[in-house]
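These notes are about the structure you will find just below.
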Amino acid sequence: MKKTFFSLVTAALMALSLNAQDKVTKTVLELGRTDNRTMEHADYIARNIGGRIVGSHMLHHAEDWVIQQFRSWGLDVTVQEAVEIGVGFDRGPWSGRMLSEDGMMLHFGTPAYTAGTRGPQKGRVLLEPKNQWEFDRVKGALKGSWVLLETGPTSGLAIDASPKADSTRAALLAEGKEGTVLMYRQMVDAGVLGFIRPSKLPMQVLYNRAMCFDLTMDNLPKACDILLDEHQFAQIKQKVVDRQDFQLEFDIRNHFFPGPMKYHNILAVIKGTQYPDEYVMMGSHLDAYDIATGSTDDGQGVCVTLEAARLLAAAGAKPKRSIMFCIWTAEEYGLLGSKYFVQNKTIPWNKISNYFNRDGGPLAATSITVPPAMYDDFMKACEPLFDYNPDIPFTVTKREGEPQARPTTAGGSDHAYFAMNGIPAISFRESDIFGYDFIYRDIWHTEDDLYDKLIPAYMEHSAVVQAVTAYGLANLNHLLSRDGLYKD
Ligand SMILES: [Zn+2]
């Protein structure tokens, strides 16, 4: 009798909690349709923040904004210092033109942490001297000139202007490797304004890691490092070969200031009611290259993560297990933020159910493939998504065949250090389901990484998918099984 009574009470409590869970999920699905704010977040990032490279004030502004958003929705926020850089770098506007009868505006960019000009600076144009004889022939003309470097199209990296690179080049020249080595130091010492290299379009403009972390206010680069539209480059080069009389003028506002500048992972939590020390996690990175606005890489990921958090908070979610939303720093510098989080065991590795990373195109999360041991749990967690949006169906697939080996090197994105340490880091499969001819390569790390490349329907849908799935997994009465996740 007693036993039956107890079972009845347990059953009633379970039903109550199931009802509460259903209600939360229903509210998330409903708000996802009627009050989805993913694109409001994207608007703020593009309009008010823009490019946000490690070292910049804008990345601090972005951090403050993310913290304030999470707190305004009632989440617990922890700010984890993960990266420090000695010298800060902020970018202002840049412009350039060719001064001649057939003059033109120049289409160019400069990698981060490279020198700007002192306001508009005009100069004639020379071809790079390739050996001592050629150098001697132009050494008097180099001062105040722009020098064309006939490298093949670059991948957007800066010329290595570090003292170490200088000594490597000097050693090669001493070995008689003239003609293959850039006479960088000699030209800078002769007083060139800067170097101009051809760039494919859309332009990729990055930085040079060797230079930014070793930089001090005493060894800042002095000569500009310009990547110019390869078609304009060819036109200008022909004029130089023809020995025409013309000048180029550049005005580049690249500003350095003393640090140290510190950057942070922002970790927001909806605390679990039964297993608060266990976590379902999701995340994306806040830092972005600064030639454009980092709207897709990884602004869109940040917006989806933020909106998943907001939807769950607005629905009053009280999951059994904690859900953590991670906004990482310094991904573009070698996954530094997420690496720090994992290696410092911020959350014990065996307490993480899964980490979902979002860092790719602004596409729709349409399916997930999981090992057989996780299949039933994912089917249960994702069930509310199966008939949510008939235009964007969602499926869970059981992985066929043998598991892959655990990765041993970090690549890709912020899921890497989780996966390398055997923590489940299964991501959603994202697709261009409406066929918008989206190719991430067209945008990735380029001047075209702008707000207008975002696809609202896909991003809004993905926020709902991430919220519902994380909530479902957080309400299981166990962590996801790691059986058959990796080969070992
Ligand atoms: Zn990215």
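Going through the structure tokens in order, the chains are called A, B, and so on, while each chain numbers its residues from 1 and the ligands are numbered from 1 in the order shown.
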
How close does chain A get to ligand 1? List, as a Markdown table, each residue of chain A within 8 Å, its nearest atom pair and the distance in Å to one decimal, counting only C-alpha atoms and all ligand atoms.
```
| residue | atom | partner | partner_atom_place_in_ligand_line | distance |
| --- | --- | --- | --- | --- |
| A:Ser284 | CA | ligand 1 | 1 (Zn) | 7.9 |
| A:His285 | CA | ligand 1 | 1 (Zn) | 6.5 |
| A:Ala288 | CA | ligand 1 | 1 (Zn) | 7.3 |
| A:Asp297 | CA | ligand 1 | 1 (Zn) | 4.5 |
| A:Asp298 | CA | ligand 1 | 1 (Zn) | 4.9 |
| A:Glu331 | CA | ligand 1 | 1 (Zn) | 6.7 |
| A:Glu332 | CA | ligand 1 | 1 (Zn) | 6.6 |
| A:Asp359 | CA | ligand 1 | 1 (Zn) | 5.1 |
| A:Gly360 | CA | ligand 1 | 1 (Zn) | 6.5 |
| A:Ser413 | CA | ligand 1 | 1 (Zn) | 6.4 |
```

Selection to disk with C-alpha atoms, as a compact mmCIF listing (two decimals), in the first residue's frame:
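Once written, result11.txt looks like this:
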```txt
# COMPACT_ATOMS: atom_id res chain seq x y z
CA SER A 284 30.75 30.77 -30.62
CA HIS A 285 33.57 33.32 -30.83
CA ALA A 288 36.65 38.91 -35.66
CA ASP A 297 32.53 34.93 -38.72
CA ASP A 298 31.40 34.66 -36.10
CA GLU A 331 39.53 32.11 -31.83
CA GLU A 332 41.23 33.69 -34.84
CA ASP A 359 31.07 29.03 -36.36
CA GLY A 360 30.43 28.79 -40.08
CA SER A 413 37.07 26.14 -34.49
```

- Using DSSP on the backbone coordinates, identify all residues within segment 192-354 of chain A classified as strand (DSSP E); present the result as number ranges by chain. A: 194-199, 224-229, 247-270, 275-285, 321-328, 352-354

Store the residues of this selection in a file with C-alpha atoms, as a CSV table (one decimal), in the first residue's frame.
```
chain,number,residue,atom,x,y,z
A,194,GLY,CA,55.3,51.4,-47.6
A,195,PHE,CA,54.9,48.2,-49.6
A,196,ILE,CA,52.1,47.3,-52.0
A,197,ARG,CA,51.2,43.7,-52.8
A,198,PRO,CA,48.5,42.4,-55.2
A,199,SER,CA,45.4,40.8,-53.7
A,224,CYS,CA,52.8,50.5,-44.5
A,225,ASP,CA,51.8,47.0,-45.7
A,226,ILE,CA,49.1,47.5,-48.4
A,227,LEU,CA,47.1,44.8,-50.2
A,228,LEU,CA,45.8,46.2,-53.4
A,229,ASP,CA,43.1,44.9,-55.8
A,247,GLN,CA,51.9,59.4,-57.7
A,248,LEU,CA,49.9,57.4,-55.2
A,249,GLU,CA,48.3,58.9,-52.1
A,250,PHE,CA,47.3,56.8,-49.1
A,251,ASP,CA,45.6,57.9,-45.9
A,252,ILE,CA,45.5,55.0,-43.5
A,253,ARG,CA,44.5,55.4,-39.9
A,254,ASN,CA,46.0,52.4,-38.1
A,255,HIS,CA,46.6,53.3,-34.5
A,256,PHE,CA,48.7,51.6,-31.8
A,257,PHE,CA,48.5,52.3,-28.1
A,258,PRO,CA,50.2,50.8,-25.0
A,259,GLY,CA,48.6,47.8,-23.4
A,260,PRO,CA,48.4,45.3,-21.9
A,261,MET,CA,45.0,44.6,-23.3
A,262,LYS,CA,43.2,41.7,-21.7
A,263,TYR,CA,40.4,39.7,-23.3
A,264,HIS,CA,37.9,37.2,-21.8
A,265,ASN,CA,35.6,34.2,-22.3
A,266,ILE,CA,32.1,35.1,-21.3
A,267,LEU,CA,30.3,32.2,-19.7
A,268,ALA,CA,26.6,32.5,-19.0
A,269,VAL,CA,24.7,29.8,-17.1
A,270,ILE,CA,21.1,28.8,-16.5
A,275,TYR,CA,22.6,18.3,-11.3
A,276,PRO,CA,24.0,21.8,-11.2
A,277,ASP,CA,27.6,20.6,-11.7
A,278,GLU,CA,26.8,18.9,-15.0
A,279,TYR,CA,26.6,20.9,-18.2
A,280,VAL,CA,25.2,21.0,-21.7
A,281,MET,CA,27.2,23.7,-23.5
A,282,MET,CA,27.1,25.8,-26.6
A,283,GLY,CA,29.2,28.6,-27.9
A,284,SER,CA,30.8,30.8,-30.6
A,285,HIS,CA,33.6,33.3,-30.8
A,321,ARG,CA,21.3,20.1,-15.5
A,322,SER,CA,23.0,23.4,-16.1
A,323,ILE,CA,23.2,25.0,-19.6
A,324,MET,CA,26.2,27.1,-20.3
A,325,PHE,CA,26.5,29.6,-23.2
A,326,CYS,CA,30.1,30.4,-24.0
A,327,ILE,CA,31.2,33.4,-26.0
A,328,TRP,CA,34.9,32.7,-26.7
A,352,ILE,CA,30.1,18.0,-19.9
A,353,SER,CA,27.3,16.3,-21.8
A,354,ASN,CA,28.0,17.9,-25.2
```

- Message: Need the shell around segment 442-454 of chain A: protein/DNA/RNA residues with any atom at most 10 Å away, counting only C-alpha atoms. Skip same-chain ones fewer than 5 positions apart. Format as a PyMOL selection string?
- Response: chain A and resi 39+42-43+45-47+50-51+108-109+155-156+201-206+288-300+332+360-363+459

Using C-alpha atoms, can you write the selected residues to a file as a PDB file, in the first residue's frame?
```
ATOM      1  CA  MET A  39      18.689  39.734 -36.035  1.00  0.00           C
ATOM      2  CA  ALA A  42      23.217  40.974 -35.462  1.00  0.00           C
ATOM      3  CA  ASP A  43      22.218  44.577 -36.090  1.00  0.00           C
ATOM      4  CA  ILE A  45      27.135  43.827 -33.781  1.00  0.00           C
ATOM      5  CA  ALA A  46      27.293  45.206 -37.331  1.00  0.00           C
ATOM      6  CA  ARG A  47      26.152  48.742 -36.621  1.00  0.00           C
ATOM      7  CA  GLY A  50      31.876  46.181 -36.342  1.00  0.00           C
ATOM      8  CA  GLY A  51      35.326  44.570 -36.708  1.00  0.00           C
ATOM      9  CA  PHE A 108      42.908  48.123 -50.797  1.00  0.00           C
ATOM     10  CA  GLY A 109      43.294  46.942 -47.234  1.00  0.00           C
ATOM     11  CA  SER A 155      46.343  35.073 -48.300  1.00  0.00           C
ATOM     12  CA  GLY A 156      45.987  38.334 -46.417  1.00  0.00           C
ATOM     13  CA  LEU A 201      39.070  39.650 -54.676  1.00  0.00           C
ATOM     14  CA  PRO A 202      37.168  39.631 -52.434  1.00  0.00           C
ATOM     15  CA  MET A 203      40.098  40.835 -50.401  1.00  0.00           C
ATOM     16  CA  GLN A 204      41.330  38.899 -47.395  1.00  0.00           C
ATOM     17  CA  VAL A 205      43.130  41.015 -44.839  1.00  0.00           C
ATOM     18  CA  LEU A 206      44.409  39.299 -41.716  1.00  0.00           C
ATOM     19  CA  ALA A 288      36.651  38.906 -35.658  1.00  0.00           C
ATOM     20  CA  TYR A 289      38.896  40.264 -38.378  1.00  0.00           C
ATOM     21  CA  ASP A 290      38.443  43.961 -38.906  1.00  0.00           C
ATOM     22  CA  ILE A 291      38.400  44.705 -42.638  1.00  0.00           C
ATOM     23  CA  ALA A 292      34.619  44.097 -42.491  1.00  0.00           C
ATOM     24  CA  THR A 293      32.196  43.618 -39.589  1.00  0.00           C
ATOM     25  CA  GLY A 294      32.682  39.925 -38.779  1.00  0.00           C
ATOM     26  CA  SER A 295      28.940  39.446 -39.284  1.00  0.00           C
ATOM     27  CA  THR A 296      29.207  35.833 -40.382  1.00  0.00           C
ATOM     28  CA  ASP A 297      32.532  34.925 -38.720  1.00  0.00           C
ATOM     29  CA  ASP A 298      31.403  34.658 -36.098  1.00  0.00           C
ATOM     30  CA  GLY A 299      28.815  37.352 -35.458  1.00  0.00           C
ATOM     31  CA  GLN A 300      26.050  35.037 -36.632  1.00  0.00           C
ATOM     32  CA  GLU A 332      41.230  33.694 -34.838  1.00  0.00           C
ATOM     33  CA  GLY A 360      30.432  28.786 -40.081  1.00  0.00           C
ATOM     34  CA  GLY A 361      28.018  30.287 -42.520  1.00  0.00           C
ATOM     35  CA  PRO A 362      24.691  31.803 -41.397  1.00  0.00           C
ATOM     36  CA  LEU A 363      22.942  28.547 -42.349  1.00  0.00           C
ATOM     37  CA  MET A 459      19.747  32.018 -38.082  1.00  0.00           C
TER      38      MET A 459
END
```

- Using only C-alpha atoms, the shortest atom-to-atom distance to Tyr388 of chain A among A:Asp166, A:Glu40, A:Asp90, A:Glu30 belongs to A:Glu30

- Task: Please give the complete set of residues from segment 158-398 of chain A that DSSP, run on the backbone, assigns to alpha helix (DSSP H), formatted as a ChimeraX atom specification.
- Result: /A:163-174,184-189,209-212,230-241,301-314,336-343,372-382

Please, could you write that set of residues out with C-alpha atoms as a PDB file, in the first residue's frame?
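Heads up, here's the output in again.pdb:
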```pdb
ATOM      1  CA  PRO A 163      63.355  41.477 -35.734  1.00  0.00           C
ATOM      2  CA  LYS A 164      63.517  37.681 -36.048  1.00  0.00           C
ATOM      3  CA  ALA A 165      62.331  37.799 -39.665  1.00  0.00           C
ATOM      4  CA  ASP A 166      64.862  40.567 -40.346  1.00  0.00           C
ATOM      5  CA  SER A 167      67.718  38.392 -39.115  1.00  0.00           C
ATOM      6  CA  THR A 168      66.469  35.371 -41.093  1.00  0.00           C
ATOM      7  CA  ARG A 169      66.431  37.486 -44.276  1.00  0.00           C
ATOM      8  CA  ALA A 170      69.881  38.939 -43.461  1.00  0.00           C
ATOM      9  CA  ALA A 171      71.293  35.413 -43.022  1.00  0.00           C
ATOM     10  CA  LEU A 172      69.833  34.287 -46.359  1.00  0.00           C
ATOM     11  CA  LEU A 173      71.282  37.343 -48.119  1.00  0.00           C
ATOM     12  CA  ALA A 174      74.675  36.590 -46.541  1.00  0.00           C
ATOM     13  CA  TYR A 184      62.769  44.584 -46.351  1.00  0.00           C
ATOM     14  CA  ARG A 185      65.034  46.134 -43.715  1.00  0.00           C
ATOM     15  CA  GLN A 186      67.208  47.878 -46.338  1.00  0.00           C
ATOM     16  CA  MET A 187      64.157  49.498 -47.962  1.00  0.00           C
ATOM     17  CA  VAL A 188      62.625  50.541 -44.613  1.00  0.00           C
ATOM     18  CA  ASP A 189      65.939  52.054 -43.522  1.00  0.00           C
ATOM     19  CA  ARG A 209      50.786  36.341 -35.449  1.00  0.00           C
ATOM     20  CA  ALA A 210      54.593  36.578 -35.108  1.00  0.00           C
ATOM     21  CA  MET A 211      54.270  40.338 -34.966  1.00  0.00           C
ATOM     22  CA  CYS A 212      51.284  41.060 -32.742  1.00  0.00           C
ATOM     23  CA  GLU A 230      45.247  42.758 -58.212  1.00  0.00           C
ATOM     24  CA  HIS A 231      43.717  44.439 -61.296  1.00  0.00           C
ATOM     25  CA  GLN A 232      44.705  47.896 -60.064  1.00  0.00           C
ATOM     26  CA  PHE A 233      48.094  46.524 -59.108  1.00  0.00           C
ATOM     27  CA  ALA A 234      48.676  45.311 -62.672  1.00  0.00           C
ATOM     28  CA  GLN A 235      47.645  48.689 -64.094  1.00  0.00           C
ATOM     29  CA  ILE A 236      49.960  50.593 -61.760  1.00  0.00           C
ATOM     30  CA  LYS A 237      52.836  48.227 -62.391  1.00  0.00           C
ATOM     31  CA  GLN A 238      52.526  48.797 -66.143  1.00  0.00           C
ATOM     32  CA  LYS A 239      52.773  52.551 -65.603  1.00  0.00           C
ATOM     33  CA  VAL A 240      55.943  52.052 -63.577  1.00  0.00           C
ATOM     34  CA  VAL A 241      57.429  49.802 -66.265  1.00  0.00           C
ATOM     35  CA  GLY A 301      27.197  32.308 -34.227  1.00  0.00           C
ATOM     36  CA  VAL A 302      27.235  34.762 -31.335  1.00  0.00           C
ATOM     37  CA  CYS A 303      23.726  35.992 -32.239  1.00  0.00           C
ATOM     38  CA  VAL A 304      22.344  32.451 -32.373  1.00  0.00           C
ATOM     39  CA  THR A 305      23.966  31.537 -29.041  1.00  0.00           C
ATOM     40  CA  LEU A 306      22.668  34.730 -27.427  1.00  0.00           C
ATOM     41  CA  GLU A 307      19.174  34.176 -28.747  1.00  0.00           C
ATOM     42  CA  ALA A 308      19.104  30.538 -27.602  1.00  0.00           C
ATOM     43  CA  ALA A 309      19.947  31.814 -24.110  1.00  0.00           C
ATOM     44  CA  ARG A 310      17.352  34.570 -24.255  1.00  0.00           C
ATOM     45  CA  LEU A 311      14.588  32.239 -25.469  1.00  0.00           C
ATOM     46  CA  LEU A 312      15.238  29.749 -22.672  1.00  0.00           C
ATOM     47  CA  ALA A 313      15.434  32.479 -20.038  1.00  0.00           C
ATOM     48  CA  ALA A 314      12.257  34.134 -21.352  1.00  0.00           C
ATOM     49  CA  LEU A 336      43.046  30.729 -27.470  1.00  0.00           C
ATOM     50  CA  GLY A 337      39.872  31.308 -25.450  1.00  0.00           C
ATOM     51  CA  SER A 338      38.334  27.834 -25.744  1.00  0.00           C
ATOM     52  CA  LYS A 339      41.777  26.216 -25.377  1.00  0.00           C
ATOM     53  CA  TYR A 340      42.237  28.060 -22.071  1.00  0.00           C
ATOM     54  CA  PHE A 341      38.774  27.004 -20.875  1.00  0.00           C
ATOM     55  CA  VAL A 342      39.323  23.311 -21.642  1.00  0.00           C
ATOM     56  CA  GLN A 343      42.947  23.019 -20.552  1.00  0.00           C
ATOM     57  CA  PRO A 372      24.282   4.846 -31.641  1.00  0.00           C
ATOM     58  CA  ALA A 373      24.679   5.174 -27.843  1.00  0.00           C
ATOM     59  CA  MET A 374      23.376   8.762 -27.974  1.00  0.00           C
ATOM     60  CA  TYR A 375      20.640   8.183 -30.513  1.00  0.00           C
ATOM     61  CA  ASP A 376      17.648   7.615 -28.208  1.00  0.00           C
ATOM     62  CA  ASP A 377      18.585  10.605 -26.054  1.00  0.00           C
ATOM     63  CA  PHE A 378      18.871  12.937 -29.039  1.00  0.00           C
ATOM     64  CA  MET A 379      15.602  11.620 -30.487  1.00  0.00           C
ATOM     65  CA  LYS A 380      13.924  12.489 -27.203  1.00  0.00           C
ATOM     66  CA  ALA A 381      15.601  15.904 -26.859  1.00  0.00           C
ATOM     67  CA  CYS A 382      14.939  16.962 -30.465  1.00  0.00           C
TER      68      CYS A 382
END
```

- Given the choices A:Asn19, A:Ser72, A:Thr154, A:Thr366, which gets closest to Pro390 of chain A if the distance is worked out from only C-alpha atoms?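 Using only C-alpha atoms, the shortest distance to Pro390 of chain A belongs to A:Thr366.
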